[in-house]
Amino acid sequence: MSEIHENGYSRPAVAGSGAIALGLAASASTLGEVIVLARSDTSAWRAEETIEKLCGKLDGADASRVRVSTSPTDIEGSDLIVEAIVEEMDAKAAMLASLGEICPDADLATTTSSLAIAELGEAAGAPGRFYGLHVFNPVTRMELIELCLPEALKDGVAARARAFCEALGKHIVEVPDEAGFVVNRLLFPYLFDAVRLLGELGLEPAEVDACMSKGAGQPMGPLQLLDFVGIDVSVAIGEKLHAASGKDDHAPPALLGEMIAAGKLGRKSGSGFYEY
């Protein structure tokens, strides 16, 4: 893979069928064909429906360019594989190692928002061709990509990664390999403080959110945002941030753990700080 395609890559693949994975696939369809690797027939069927909706709202996107498959061998020949599954080191490393064997010449990337990139690359057995591609939900609308390019990368990988992000029309910030990169390091202490404020002041979620949306010009209040991200995902991110930094404001509030135990995970479960 010595030459750099004008879009960075000509045959990208996305492993995963969640919001981030499908948003990235829909965005990549503006550039050409892309493969989505889903875990099951059910998730593949849902992914196809979601891709249709996302592409219908994004200029230049084309759902017919997105192929959804449940067979890992269908990604053979891909020159980029982006992993976008559950935020767990072992699960990500296992998938990346497996897909990396199928496509030994492909660059590999992850959408992780909290795991160490160099460590994950080593665990996947591909440190020379692996980097962090942290996109934001909804991917089709959010402009930023936090791009983490470890020192171990082989020649050409960083240039391809940058070209791909630029072709997607995203704003790139190259970030160091630190837990939470920049956005989550700043964002989650704020979100967690909003949760603590509920108990301290006896306010309702809608009141706290109104203060920040109507008073501070935030597009979404902090508790609404936690519901949107997912309470379980938010806690997982907070735990990793806290483990890395030791800072008290990175530790998830106990209330979030109680909500998870009660099955209140936010929008995706129909209930969180709000009912959906």
# chains A, B, ... in the order shown; residues from 1 in each chain; ligands from 1
$ residues_around --residues "A:Cys55" --least-positions-apart "3" --cutoff "9 Å" --atoms "only C-alpha atoms" --output "PDB file with N, CA and C atoms, in the first residue's frame"
ATOM      1  N   GLY A  23     -22.982   5.535  11.499  1.00  0.00           N
ATOM      2  CA  GLY A  23     -22.781   6.924  11.114  1.00  0.00           C
ATOM      3  C   GLY A  23     -21.523   7.094  10.298  1.00  0.00           C
ATOM      4  N   ALA A  26     -22.142   5.560   6.781  1.00  0.00           N
ATOM      5  CA  ALA A  26     -22.953   6.457   5.949  1.00  0.00           C
ATOM      6  C   ALA A  26     -22.103   7.617   5.440  1.00  0.00           C
ATOM      7  N   SER A  27     -21.262   8.149   6.316  1.00  0.00           N
ATOM      8  CA  SER A  27     -20.379   9.246   5.910  1.00  0.00           C
ATOM      9  C   SER A  27     -19.396   8.778   4.843  1.00  0.00           C
ATOM     10  N   SER A  29     -19.842   6.536   2.690  1.00  0.00           N
ATOM     11  CA  SER A  29     -20.520   6.266   1.422  1.00  0.00           C
ATOM     12  C   SER A  29     -20.515   7.482   0.503  1.00  0.00           C
ATOM     13  N   THR A  30     -20.213   8.662   1.052  1.00  0.00           N
ATOM     14  CA  THR A  30     -20.081   9.841   0.199  1.00  0.00           C
ATOM     15  C   THR A  30     -18.833   9.753  -0.668  1.00  0.00           C
ATOM     16  N   THR A  50     -31.132   1.482   9.248  1.00  0.00           N
ATOM     17  CA  THR A  50     -30.534   2.711   9.773  1.00  0.00           C
ATOM     18  C   THR A  50     -29.704   3.417   8.717  1.00  0.00           C
ATOM     19  N   ILE A  51     -28.948   2.655   7.955  1.00  0.00           N
ATOM     20  CA  ILE A  51     -28.122   3.230   6.889  1.00  0.00           C
ATOM     21  C   ILE A  51     -28.994   3.974   5.872  1.00  0.00           C
ATOM     22  N   GLU A  52     -30.124   3.394   5.528  1.00  0.00           N
ATOM     23  CA  GLU A  52     -31.051   4.047   4.595  1.00  0.00           C
ATOM     24  C   GLU A  52     -31.470   5.411   5.128  1.00  0.00           C
ATOM     25  N   LEU A  58     -27.998  12.875   4.467  1.00  0.00           N
ATOM     26  CA  LEU A  58     -26.638  13.369   4.276  1.00  0.00           C
ATOM     27  C   LEU A  58     -26.345  13.585   2.800  1.00  0.00           C
ATOM     28  N   ASP A  59     -26.023  14.809   2.433  1.00  0.00           N
ATOM     29  CA  ASP A  59     -25.720  15.121   1.037  1.00  0.00           C
ATOM     30  C   ASP A  59     -24.556  14.268   0.533  1.00  0.00           C
ATOM     31  N   GLY A  60     -24.776  13.645  -0.609  1.00  0.00           N
ATOM     32  CA  GLY A  60     -23.732  12.857  -1.236  1.00  0.00           C
ATOM     33  C   GLY A  60     -23.658  11.417  -0.776  1.00  0.00           C
ATOM     34  N   ALA A  61     -24.364  11.092   0.303  1.00  0.00           N
ATOM     35  CA  ALA A  61     -24.355   9.712   0.796  1.00  0.00           C
ATOM     36  C   ALA A  61     -25.241   8.829  -0.079  1.00  0.00           C
ATOM     37  N   ASP A  62     -24.907   7.561  -0.150  1.00  0.00           N
ATOM     38  CA  ASP A  62     -25.649   6.640  -1.015  1.00  0.00           C
ATOM     39  C   ASP A  62     -25.704   5.268  -0.344  1.00  0.00           C
ATOM     40  N   ALA A  63     -26.889   4.898   0.136  1.00  0.00           N
ATOM     41  CA  ALA A  63     -27.040   3.630   0.854  1.00  0.00           C
ATOM     42  C   ALA A  63     -26.688   2.432  -0.019  1.00  0.00           C
ATOM     43  N   THR A 140     -22.651  11.767  11.167  1.00  0.00           N
ATOM     44  CA  THR A 140     -23.001  12.439   9.914  1.00  0.00           C
ATOM     45  C   THR A 140     -23.103  13.952  10.088  1.00  0.00           C
TER      46      THR A 140
END
$ residues_around --residues "stretch 187-199 of chain A" --least-positions-apart "2" --cutoff "8 Å" --atoms "only C-alpha atoms" --output "MDAnalysis selection string"
chainID A and resid 183:185 201:205 208 222:223 226 234 238 249:253 255
$ atom_distance --atom1 "atom CA of A:Ala93" --atom2 "atom CA of A:Ala123"
5.6 Å
$ residues_around --residues "A:Leu115" --least-positions-apart "2" --cutoff "8 Å" --atoms "only C-alpha atoms" --output "list of chain:residue names"
A:Glu87, A:Met89, A:Thr112, A:Ser113, A:Ile117, A:Leu120, A:Ala179, A:Gly180, A:Lys240
$ closest_residue --among "A:Val139, A:Leu147, A:Gly125, A:Ile75" --to "A:Thr110" --atoms "only C-alpha atoms"
A:Leu147
$ select_by_dssp --residues "stretch 109-202 of chain A" --states "strand (DSSP E)" --output "ChimeraX atom specification"
/A:109-110,130-134,144-148,171-174
$ select_by_dssp --residues "stretch 52-182 of chain A" --states "alpha helix (DSSP H)" --output "count of residues only"
37
